[in-house]
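**Q** Got my_file32.txt for you, compact mmCIF, C-alpha atoms and all ligand atoms:
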```
# COMPACT_ATOMS: atom_id res chain seq x y z
CA MET R 153 24.94 98.48 201.95
CA ASN R 154 22.57 97.49 199.17
CA LEU R 155 24.62 94.55 197.93
CA VAL R 156 22.91 91.25 197.20
CA LEU R 157 24.90 88.07 196.60
CA ARG R 158 23.01 85.43 194.68
CA GLN R 159 23.02 83.00 191.79
CA LEU R 160 22.16 84.18 188.29
CA ASN R 161 18.65 83.60 187.01
CA GLN R 162 16.77 83.84 183.70
CA ASN R 163 16.34 87.60 184.07
CA ASP R 164 19.99 88.50 184.53
CA GLU R 165 21.27 88.07 180.97
CA SER R 166 21.86 91.74 180.17
CA LEU R 167 23.34 92.42 183.63
CA PHE R 168 25.70 89.47 183.21
CA PHE R 169 27.03 90.75 179.88
CA GLU R 170 27.26 94.33 181.18
CA GLY R 171 29.30 93.09 184.15
CA LEU R 172 31.57 91.14 181.86
CA LYS R 173 32.69 94.42 180.25
CA GLU R 174 34.46 95.37 183.48
CA TRP R 175 37.00 92.60 182.87
CA GLN R 176 39.81 92.22 180.31
CA PRO R 177 39.77 88.99 178.26
CA ASN R 178 42.78 87.67 180.19
CA GLU R 179 40.90 88.24 183.48
CA LEU R 180 37.82 86.28 182.41
CA SER R 181 38.12 83.65 185.14
CA TRP R 182 37.81 86.37 187.79
CA TYR R 183 34.29 86.88 186.46
CA THR R 184 33.22 83.49 185.15
CA PHE R 185 34.56 79.96 184.80
CA SER R 186 31.63 78.71 182.74
CA TRP R 187 31.02 81.26 180.04
CA LYS R 188 33.33 81.24 177.03
CA PRO R 189 33.22 83.69 174.09
CA GLY R 190 30.37 82.76 171.78
CA MET R 191 28.40 80.82 174.40
CA SER R 192 24.76 81.74 174.94
CA TYR R 193 23.54 82.86 178.34
CA GLN R 194 21.11 79.94 178.47
CA GLU R 195 23.89 77.47 177.82
CA MET R 196 25.92 78.96 180.65
CA LEU R 197 22.95 78.92 183.04
CA LEU R 198 22.52 75.21 182.40
CA ILE R 199 26.20 74.57 183.16
CA LEU R 200 25.90 76.58 186.39
CA GLN R 201 22.76 74.72 187.44
CA ASN R 202 24.39 71.36 186.80
CA GLU R 203 27.58 72.32 188.64
CA ASN R 204 25.48 73.51 191.55
CA GLN R 205 23.71 70.17 191.74
CA GLY R 206 26.83 68.12 191.07
CA ILE R 207 25.52 66.83 187.72
CA GLY R 208 28.07 65.89 185.06
CA ILE R 209 31.00 67.35 186.99
CA ALA R 210 34.26 67.17 185.02
CA PRO R 211 37.08 65.09 186.53
CA GLY R 212 39.00 67.05 189.12
CA ARG R 213 36.10 69.42 189.79
CA VAL R 214 33.57 69.50 192.65
CA PRO R 215 29.97 70.76 193.03
CA HIS R 216 30.12 74.51 192.94
CA SER R 217 27.90 77.61 193.20
CA MET R 218 28.76 80.84 191.47
CA LEU R 219 27.27 83.75 193.39
CA TYR R 220 27.27 87.25 191.90
CA GLY R 221 27.31 90.53 193.79
CA PHE R 222 24.50 92.85 192.62
CA LEU R 223 24.84 96.49 193.56
CA ASP R 224 22.36 99.09 192.29
CA GLY R 225 21.50 97.02 189.23
CA LYS R 226 25.07 96.13 188.36
CA ILE R 227 27.16 93.01 188.84
CA ILE R 228 30.32 94.15 190.57
CA GLY R 229 31.95 90.86 191.49
CA ARG R 230 31.48 87.23 192.33
CA VAL R 231 32.17 84.55 194.90
CA SER R 232 32.77 81.00 193.81
CA VAL R 233 31.69 78.53 196.50
CA ARG R 234 33.11 75.03 196.29
CA HIS R 235 30.81 72.68 198.20
CA GLU R 236 33.67 70.35 199.12
CA LEU R 237 37.43 70.16 198.81
CA ASN R 238 39.49 67.86 196.63
CA GLU R 239 43.23 67.39 196.62
CA TYR R 240 43.82 70.41 194.37
CA LEU R 241 41.57 72.76 196.37
CA ARG R 242 43.13 71.62 199.64
CA LYS R 243 46.46 72.75 198.28
CA ARG R 244 45.24 75.96 196.74
CA GLY R 245 41.80 77.39 196.19
CA GLY R 246 39.86 76.21 199.21
CA HIS R 247 36.09 76.64 199.45
CA LEU R 248 35.86 80.30 198.37
CA GLY R 249 37.19 82.41 195.54
CA TYR R 250 36.15 86.05 195.26
CA SER R 251 36.76 89.03 193.05
CA VAL R 252 35.50 92.58 192.60
CA ALA R 253 35.85 94.61 189.39
CA LYS R 254 38.64 97.19 189.56
CA SER R 255 36.41 100.25 189.50
CA TYR R 256 34.56 99.02 192.62
CA ARG R 257 37.53 98.00 194.76
CA ASN R 258 38.48 99.23 198.21
CA LYS R 259 34.90 100.14 199.12
CA GLY R 260 34.15 97.13 201.32
CA TYR R 261 32.25 95.21 198.65
CA ALA R 262 34.38 92.06 198.75
CA THR R 263 34.08 92.02 202.54
CA GLU R 264 30.29 92.19 202.27
CA MET R 265 30.19 89.53 199.54
CA VAL R 266 32.31 87.19 201.64
CA ARG R 267 30.08 87.88 204.66
CA GLN R 268 27.05 86.77 202.66
CA SER R 269 28.87 83.78 201.18
CA LEU R 270 29.64 82.50 204.69
CA GLU R 271 25.89 82.34 205.31
CA TYR R 272 25.52 80.45 202.05
CA CYS R 273 28.19 77.98 203.18
CA LYS R 274 26.42 77.49 206.51
CA ASN R 275 23.22 76.70 204.61
CA LEU R 276 25.14 74.10 202.63
CA GLY R 277 25.87 72.46 205.98
CA LEU R 278 29.57 73.30 206.05
CA GLU R 279 30.98 73.74 209.55
CA SER R 280 34.32 75.22 208.59
CA ILE R 281 35.77 76.37 205.32
CA MET R 282 39.25 76.73 203.89
CA VAL R 283 40.15 80.02 202.21
CA THR R 284 43.50 80.59 200.53
CA CYS R 285 45.21 83.62 199.06
CA ALA R 286 48.60 84.79 197.90
CA ASP R 287 50.80 85.98 200.76
CA GLU R 288 51.07 89.34 199.00
CA ASN R 289 47.34 89.79 198.46
CA ILE R 290 46.78 92.14 201.37
CA PRO R 291 43.08 92.93 200.72
CA SER R 292 42.33 89.23 200.44
CA TRP R 293 43.93 88.12 203.70
CA LYS R 294 42.52 91.16 205.48
CA ILE R 295 39.06 89.93 204.50
CA ILE R 296 39.82 86.40 205.69
CA GLU R 297 41.16 87.65 209.01
CA ARG R 298 38.13 89.95 209.41
CA PHE R 299 36.08 86.76 209.62
CA ASN R 300 38.44 85.20 212.15
CA GLY R 301 40.26 83.07 209.64
CA GLN R 302 42.93 81.01 211.43
CA LEU R 303 46.15 80.69 209.52
CA GLN R 304 46.93 77.02 208.96
CA ASP R 305 50.22 77.58 207.15
CA LYS R 306 52.04 79.34 204.36
CA VAL R 307 53.12 77.10 201.50
CA TRP R 308 55.04 77.57 198.30
CA ASP R 309 52.92 77.14 195.17
CA ASP R 310 55.23 75.90 192.47
CA GLU R 311 52.60 76.34 189.76
CA ASP R 312 52.14 80.09 190.31
CA LYS R 313 55.59 80.61 191.87
CA GLU R 314 54.30 82.35 194.97
CA THR R 315 53.74 81.75 198.65
CA ILE R 316 50.15 81.21 199.60
CA ARG R 317 48.36 81.44 202.92
CA ARG R 318 45.87 78.76 203.88
CA TYR R 319 43.25 79.71 206.42
CA TRP R 320 40.24 78.05 208.06
CA ILE R 321 37.10 79.93 209.05
CA GLU R 322 34.80 78.28 211.59
CA LEU R 323 31.14 78.71 210.69
CA VAL R 324 29.55 77.14 213.77
CA GLY R 325 30.11 77.45 217.48
C1 LIG R 401 40.84 90.92 196.69
C2 LIG R 401 39.64 91.74 196.23
C3 LIG R 401 38.46 90.80 196.03
C4 LIG R 401 39.31 92.77 197.33
O1 LIG R 401 38.13 93.45 196.93
P1 LIG R 401 37.70 94.85 197.58
O2 LIG R 401 36.24 95.03 197.30
O3 LIG R 401 38.62 95.89 197.13
O4 LIG R 401 37.92 94.55 199.13
P2 LIG R 401 37.38 95.45 200.34
O5 LIG R 401 37.06 96.82 199.85
O6 LIG R 401 36.29 94.67 201.01
O7 LIG R 401 38.66 95.57 201.27
C5 LIG R 401 39.10 94.52 202.07
C6 LIG R 401 40.21 95.01 202.97
O8 LIG R 401 41.38 95.25 202.18
C7 LIG R 401 41.79 96.59 202.32
N1 LIG R 401 42.28 97.00 201.01
C8 LIG R 401 41.57 97.12 199.87
N2 LIG R 401 42.39 97.44 198.87
C9 LIG R 401 43.63 97.51 199.39
C10 LIG R 401 44.91 97.76 198.85
N3 LIG R 401 45.06 98.04 197.55
N4 LIG R 401 45.99 97.73 199.69
C11 LIG R 401 45.83 97.44 201.00
N5 LIG R 401 44.64 97.16 201.57
C12 LIG R 401 43.56 97.21 200.77
C13 LIG R 401 40.56 97.35 202.75
O9 LIG R 401 40.89 98.53 203.45
C14 LIG R 401 39.91 96.33 203.65
O10 LIG R 401 40.58 96.27 204.87
P3 LIG R 401 39.86 96.78 206.22
O11 LIG R 401 38.66 95.89 206.39
O12 LIG R 401 40.91 96.60 207.25
O13 LIG R 401 39.47 98.18 205.94
C15 LIG R 401 39.95 92.52 194.91
O14 LIG R 401 41.14 93.24 195.09
C16 LIG R 401 40.10 91.60 193.71
O15 LIG R 401 39.11 91.25 193.05
N6 LIG R 401 41.34 91.23 193.39
C17 LIG R 401 41.59 90.30 192.26
C18 LIG R 401 41.10 88.93 192.57
C19 LIG R 401 41.67 88.36 193.86
O16 LIG R 401 42.85 88.54 194.14
N7 LIG R 401 40.83 87.69 194.62
C20 LIG R 401 41.21 87.04 195.86
C21 LIG R 401 41.61 85.66 195.58
S1 LIG R 401 41.94 84.79 197.08
```
Just give me the structure of the file as structure tokens.
Ligand SMILES: CC(C)(COP(=O)(O)OP(=O)(O)OC[C@H]1O[C@@H](n2cnc3c(N)ncnc32)[C@H](O)[C@@H]1OP(=O)(O)O)[C@@H](O)C(=O)NCCC(=O)NCCS
**A**
Amino acid sequence: MNLVLRQLNQNDESLFFEGLKEWQPNELSWYTFSWKPGMSYQEMLLILQNENQGIGIAPGRVPHSMLYGFLDGKIIGRVSVRHELNEYLRKRGGHLGYSVAKSYRNKGYATEMVRQSLEYCKNLGLESIMVTCADENIPSWKIIERFNGQLQDKVWDDEDKETIRRYWIELVG
């Protein structure tokens, strides 16, 4: 599969905005946390670089890498990699958050993006990572279990009013 997961660079501006069109305005965070309507690409790149290096991180946030899935010249999804956990992420969110645009779903792309993001996590020096998902999100927990995710527990999330599964994936050993 010709899918490459990587950070955005200076040459990706048009691909980034093309990829954005796959998402409704209310789904924006499934594509980007950093870009807001009206923001320039350069401004967003700077935010991403700083977040990646842990510079000027807002309270409650942690160093973070946004990796995009490039398939045949298109951005079809993303994986958000949190370099460490805080209290919020331990409860819900974990180290990884992934999404694939609707028109590309159920073709194995999220599985491949997660596979590549596990390598990225290893290179960050992480030995195990937490991944969470809604109990009802079958594709998501199938992906986690594909990579031998061990279910820690299921907990009620009062904010989103749903049960979530919390898994750990071992990266070494
Ligand atoms: C979850 C999500 C990333 C999955 O992306 P995807 O590219 O469709 O996933 P894949 O094609 O790699 O499929 C993963 C598994 O789910 C299965 N699957 C996919 N769509 C499914 C569906 N609608 N119902 C049941 N199983 C499904 C696939 O068959 C595959 O299982 P397998 O390995 O046993 O064959 C995508 O649905 C999405 O972006 N959803 C919105 C954001 C989200 O919920 N992210 C997860 C947050 S934790």
**Q** Taking all atoms listed in the file into account, name the residue in R:Leu200, R:Trp175, R:Tyr272, R:Gly212 that is nearest to ligand LIG 401 (chain R).
**A**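 Of the candidates, the smallest distance to ligand LIG 401 (chain R) is held by R:Trp175.
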**Q** Can you write out as a Markdown table which residues of chain R fall within 6 Å of ligand LIG 401 (chain R), alongside each residue's closest atom pair and its distance in Å to one decimal, counting only C-alpha atoms and all ligand atoms and ordering rows by chain and ascending residue number?
**A**
```
| residue | atom | partner | partner_atom | distance |
| --- | --- | --- | --- | --- |
| R:Gly249 | CA | R:LIG401 | C21 | 5.5 |
| R:Tyr250 | CA | R:LIG401 | N7 | 5.0 |
| R:Ser251 | CA | R:LIG401 | O15 | 3.2 |
| R:Val252 | CA | R:LIG401 | O15 | 3.9 |
| R:Ala253 | CA | R:LIG401 | O15 | 5.9 |
| R:Arg257 | CA | R:LIG401 | O3 | 3.4 |
| R:Asn258 | CA | R:LIG401 | O5 | 3.2 |
| R:Lys259 | CA | R:LIG401 | O5 | 4.0 |
| R:Gly260 | CA | R:LIG401 | O5 | 3.3 |
| R:Tyr261 | CA | R:LIG401 | O2 | 4.2 |
| R:Ala262 | CA | R:LIG401 | O2 | 3.8 |
| R:Thr263 | CA | R:LIG401 | O6 | 3.8 |
| R:Thr284 | CA | R:LIG401 | S1 | 5.7 |
| R:Cys285 | CA | R:LIG401 | S1 | 4.0 |
| R:Ile290 | CA | R:LIG401 | C11 | 5.4 |
| R:Pro291 | CA | R:LIG401 | O8 | 3.2 |
| R:Ser292 | CA | R:LIG401 | C1 | 4.4 |
| R:Lys294 | CA | R:LIG401 | C6 | 5.1 |
| R:Ile295 | CA | R:LIG401 | C5 | 5.2 |
```
**Q** Here is a test: counting all atoms listed in the file, which residue of R:Gln176, R:Arg230, R:Glu165, R:Pro189 is nearest to Glu264 (chain R)?
**A**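 Nearest candidate to Glu264 (chain R) out of R:Gln176, R:Arg230, R:Glu165, R:Pro189: R:Arg230.
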**Q** I'd like to know which of R:Ile209, R:Ile227, R:Leu157, R:Leu323 is closest to Lys173 (chain R), using all atoms listed in the file.
**A**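 Of all the options, R:Ile227 lies closest to Lys173 (chain R).
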**Q** Between CA of Asn154 (chain R) and CA of Leu223 (chain R), what distance in Å does the model show, to one decimal?
**A** 6.1 Å
**Q** Report, in Å with one decimal, the straight-line distance from CA of Ile316 (chain R) to CA of Met282 (chain R).
**A**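 Interatomic distance, CA of Ile316 (chain R) to CA of Met282 (chain R): 12.5 Å.
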**Q** Any idea what the distance is between CA of Phe299 (chain R) and CA of Gly206 (chain R)?
**A**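 A separation of 27.9 Å between them.
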**Q** For His247 (chain R), which of R:Met265, R:Leu198, R:Ala210, R:Ile321 is the closest residue, counting only C-alpha atoms?
**A**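 Smallest separation from His247 (chain R) among the options: R:Ile321.
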**Q** Some atoms are missing, so please complete region 194-225 of chain R with N, CA and C atoms and return it as a JSON list (two decimals), in the frame of the given file.
**A**
```json
[["chain", "number", "residue", "atom", "x", "y", "z"],
["R", 194, "GLN", "N", 21.87, 81.12, 178.06],
["R", 194, "GLN", "CA", 21.11, 79.94, 178.47],
["R", 194, "GLN", "C", 22.01, 78.73, 178.66],
["R", 195, "GLU", "N", 22.95, 78.59, 177.74],
["R", 195, "GLU", "CA", 23.89, 77.47, 177.82],
["R", 195, "GLU", "C", 24.69, 77.56, 179.12],
["R", 196, "MET", "N", 25.14, 78.78, 179.42],
["R", 196, "MET", "CA", 25.92, 78.96, 180.65],
["R", 196, "MET", "C", 25.06, 78.68, 181.89],
["R", 197, "LEU", "N", 23.82, 79.15, 181.88],
["R", 197, "LEU", "CA", 22.95, 78.92, 183.04],
["R", 197, "LEU", "C", 22.79, 77.43, 183.32],
["R", 198, "LEU", "N", 22.68, 76.65, 182.24],
["R", 198, "LEU", "CA", 22.52, 75.21, 182.40],
["R", 198, "LEU", "C", 23.78, 74.60, 183.04],
["R", 199, "ILE", "N", 24.95, 75.06, 182.58],
["R", 199, "ILE", "CA", 26.20, 74.57, 183.16],
["R", 199, "ILE", "C", 26.24, 74.90, 184.66],
["R", 200, "LEU", "N", 25.86, 76.15, 184.98],
["R", 200, "LEU", "CA", 25.90, 76.58, 186.39],
["R", 200, "LEU", "C", 24.94, 75.76, 187.24],
["R", 201, "GLN", "N", 23.74, 75.52, 186.68],
["R", 201, "GLN", "CA", 22.76, 74.72, 187.44],
["R", 201, "GLN", "C", 23.28, 73.32, 187.69],
["R", 202, "ASN", "N", 23.87, 72.72, 186.65],
["R", 202, "ASN", "CA", 24.39, 71.36, 186.80],
["R", 202, "ASN", "C", 25.55, 71.32, 187.80],
["R", 203, "GLU", "N", 26.44, 72.30, 187.71],
["R", 203, "GLU", "CA", 27.58, 72.32, 188.64],
["R", 203, "GLU", "C", 27.09, 72.48, 190.08],
["R", 204, "ASN", "N", 26.04, 73.27, 190.22],
["R", 204, "ASN", "CA", 25.48, 73.51, 191.55],
["R", 204, "ASN", "C", 24.90, 72.23, 192.14],
["R", 205, "GLN", "N", 24.34, 71.41, 191.26],
["R", 205, "GLN", "CA", 23.71, 70.17, 191.74],
["R", 205, "GLN", "C", 24.65, 68.97, 191.63],
["R", 206, "GLY", "N", 25.87, 69.21, 191.18],
["R", 206, "GLY", "CA", 26.83, 68.12, 191.07],
["R", 206, "GLY", "C", 26.55, 67.17, 189.91],
["R", 207, "ILE", "N", 25.86, 67.68, 188.87],
["R", 207, "ILE", "CA", 25.52, 66.83, 187.72],
["R", 207, "ILE", "C", 26.59, 66.99, 186.65],
["R", 208, "GLY", "N", 27.12, 65.86, 186.18],
["R", 208, "GLY", "CA", 28.07, 65.89, 185.06],
["R", 208, "GLY", "C", 29.34, 66.67, 185.36],
["R", 209, "ILE", "N", 29.80, 66.60, 186.59],
["R", 209, "ILE", "CA", 31.00, 67.35, 186.99],
["R", 209, "ILE", "C", 32.24, 66.76, 186.30],
["R", 210, "ALA", "N", 33.04, 67.63, 185.72],
["R", 210, "ALA", "CA", 34.26, 67.17, 185.02],
["R", 210, "ALA", "C", 35.25, 66.60, 186.04],
["R", 211, "PRO", "N", 36.09, 65.66, 185.60],
["R", 211, "PRO", "CA", 37.08, 65.09, 186.53],
["R", 211, "PRO", "C", 37.92, 66.20, 187.16],
["R", 212, "GLY", "N", 38.18, 66.06, 188.44],
["R", 212, "GLY", "CA", 39.00, 67.05, 189.12],
["R", 212, "GLY", "C", 38.22, 68.25, 189.63],
["R", 213, "ARG", "N", 36.90, 68.30, 189.30],
["R", 213, "ARG", "CA", 36.10, 69.42, 189.79],
["R", 213, "ARG", "C", 35.10, 68.93, 190.85],
["R", 214, "VAL", "N", 34.51, 69.87, 191.59],
["R", 214, "VAL", "CA", 33.57, 69.50, 192.65],
["R", 214, "VAL", "C", 32.29, 70.32, 192.46],
["R", 215, "PRO", "N", 31.18, 69.93, 193.10],
["R", 215, "PRO", "CA", 29.97, 70.76, 193.03],
["R", 215, "PRO", "C", 30.29, 72.19, 193.48],
["R", 216, "HIS", "N", 29.65, 73.13, 192.83],
["R", 216, "HIS", "CA", 30.12, 74.51, 192.94],
["R", 216, "HIS", "C", 28.96, 75.47, 192.70],
["R", 217, "SER", "N", 28.91, 76.56, 193.45],
["R", 217, "SER", "CA", 27.90, 77.61, 193.20],
["R", 217, "SER", "C", 28.62, 78.89, 192.87],
["R", 218, "MET", "N", 28.20, 79.53, 191.80],
["R", 218, "MET", "CA", 28.76, 80.84, 191.47],
["R", 218, "MET", "C", 27.75, 81.89, 191.91],
["R", 219, "LEU", "N", 28.15, 82.71, 192.86],
["R", 219, "LEU", "CA", 27.27, 83.75, 193.39],
["R", 219, "LEU", "C", 27.78, 85.11, 192.92],
["R", 220, "TYR", "N", 26.87, 85.93, 192.40],
["R", 220, "TYR", "CA", 27.27, 87.25, 191.90],
["R", 220, "TYR", "C", 26.81, 88.35, 192.85],
["R", 221, "GLY", "N", 27.63, 89.39, 192.94],
["R", 221, "GLY", "CA", 27.31, 90.53, 193.79],
["R", 221, "GLY", "C", 26.59, 91.59, 192.97],
["R", 222, "PHE", "N", 25.32, 91.87, 193.33],
["R", 222, "PHE", "CA", 24.50, 92.85, 192.62],
["R", 222, "PHE", "C", 24.44, 94.12, 193.46],
["R", 223, "LEU", "N", 24.88, 95.21, 192.86],
["R", 223, "LEU", "CA", 24.84, 96.49, 193.56],
["R", 223, "LEU", "C", 24.17, 97.51, 192.65],
["R", 224, "ASP", "N", 23.08, 98.07, 193.08],
["R", 224, "ASP", "CA", 22.36, 99.09, 192.29],
["R", 224, "ASP", "C", 22.23, 98.67, 190.83],
["R", 225, "GLY", "N", 21.76, 97.46, 190.60],
["R", 225, "GLY", "CA", 21.50, 97.02, 189.23],
["R", 225, "GLY", "C", 22.73, 96.67, 188.42]]
```
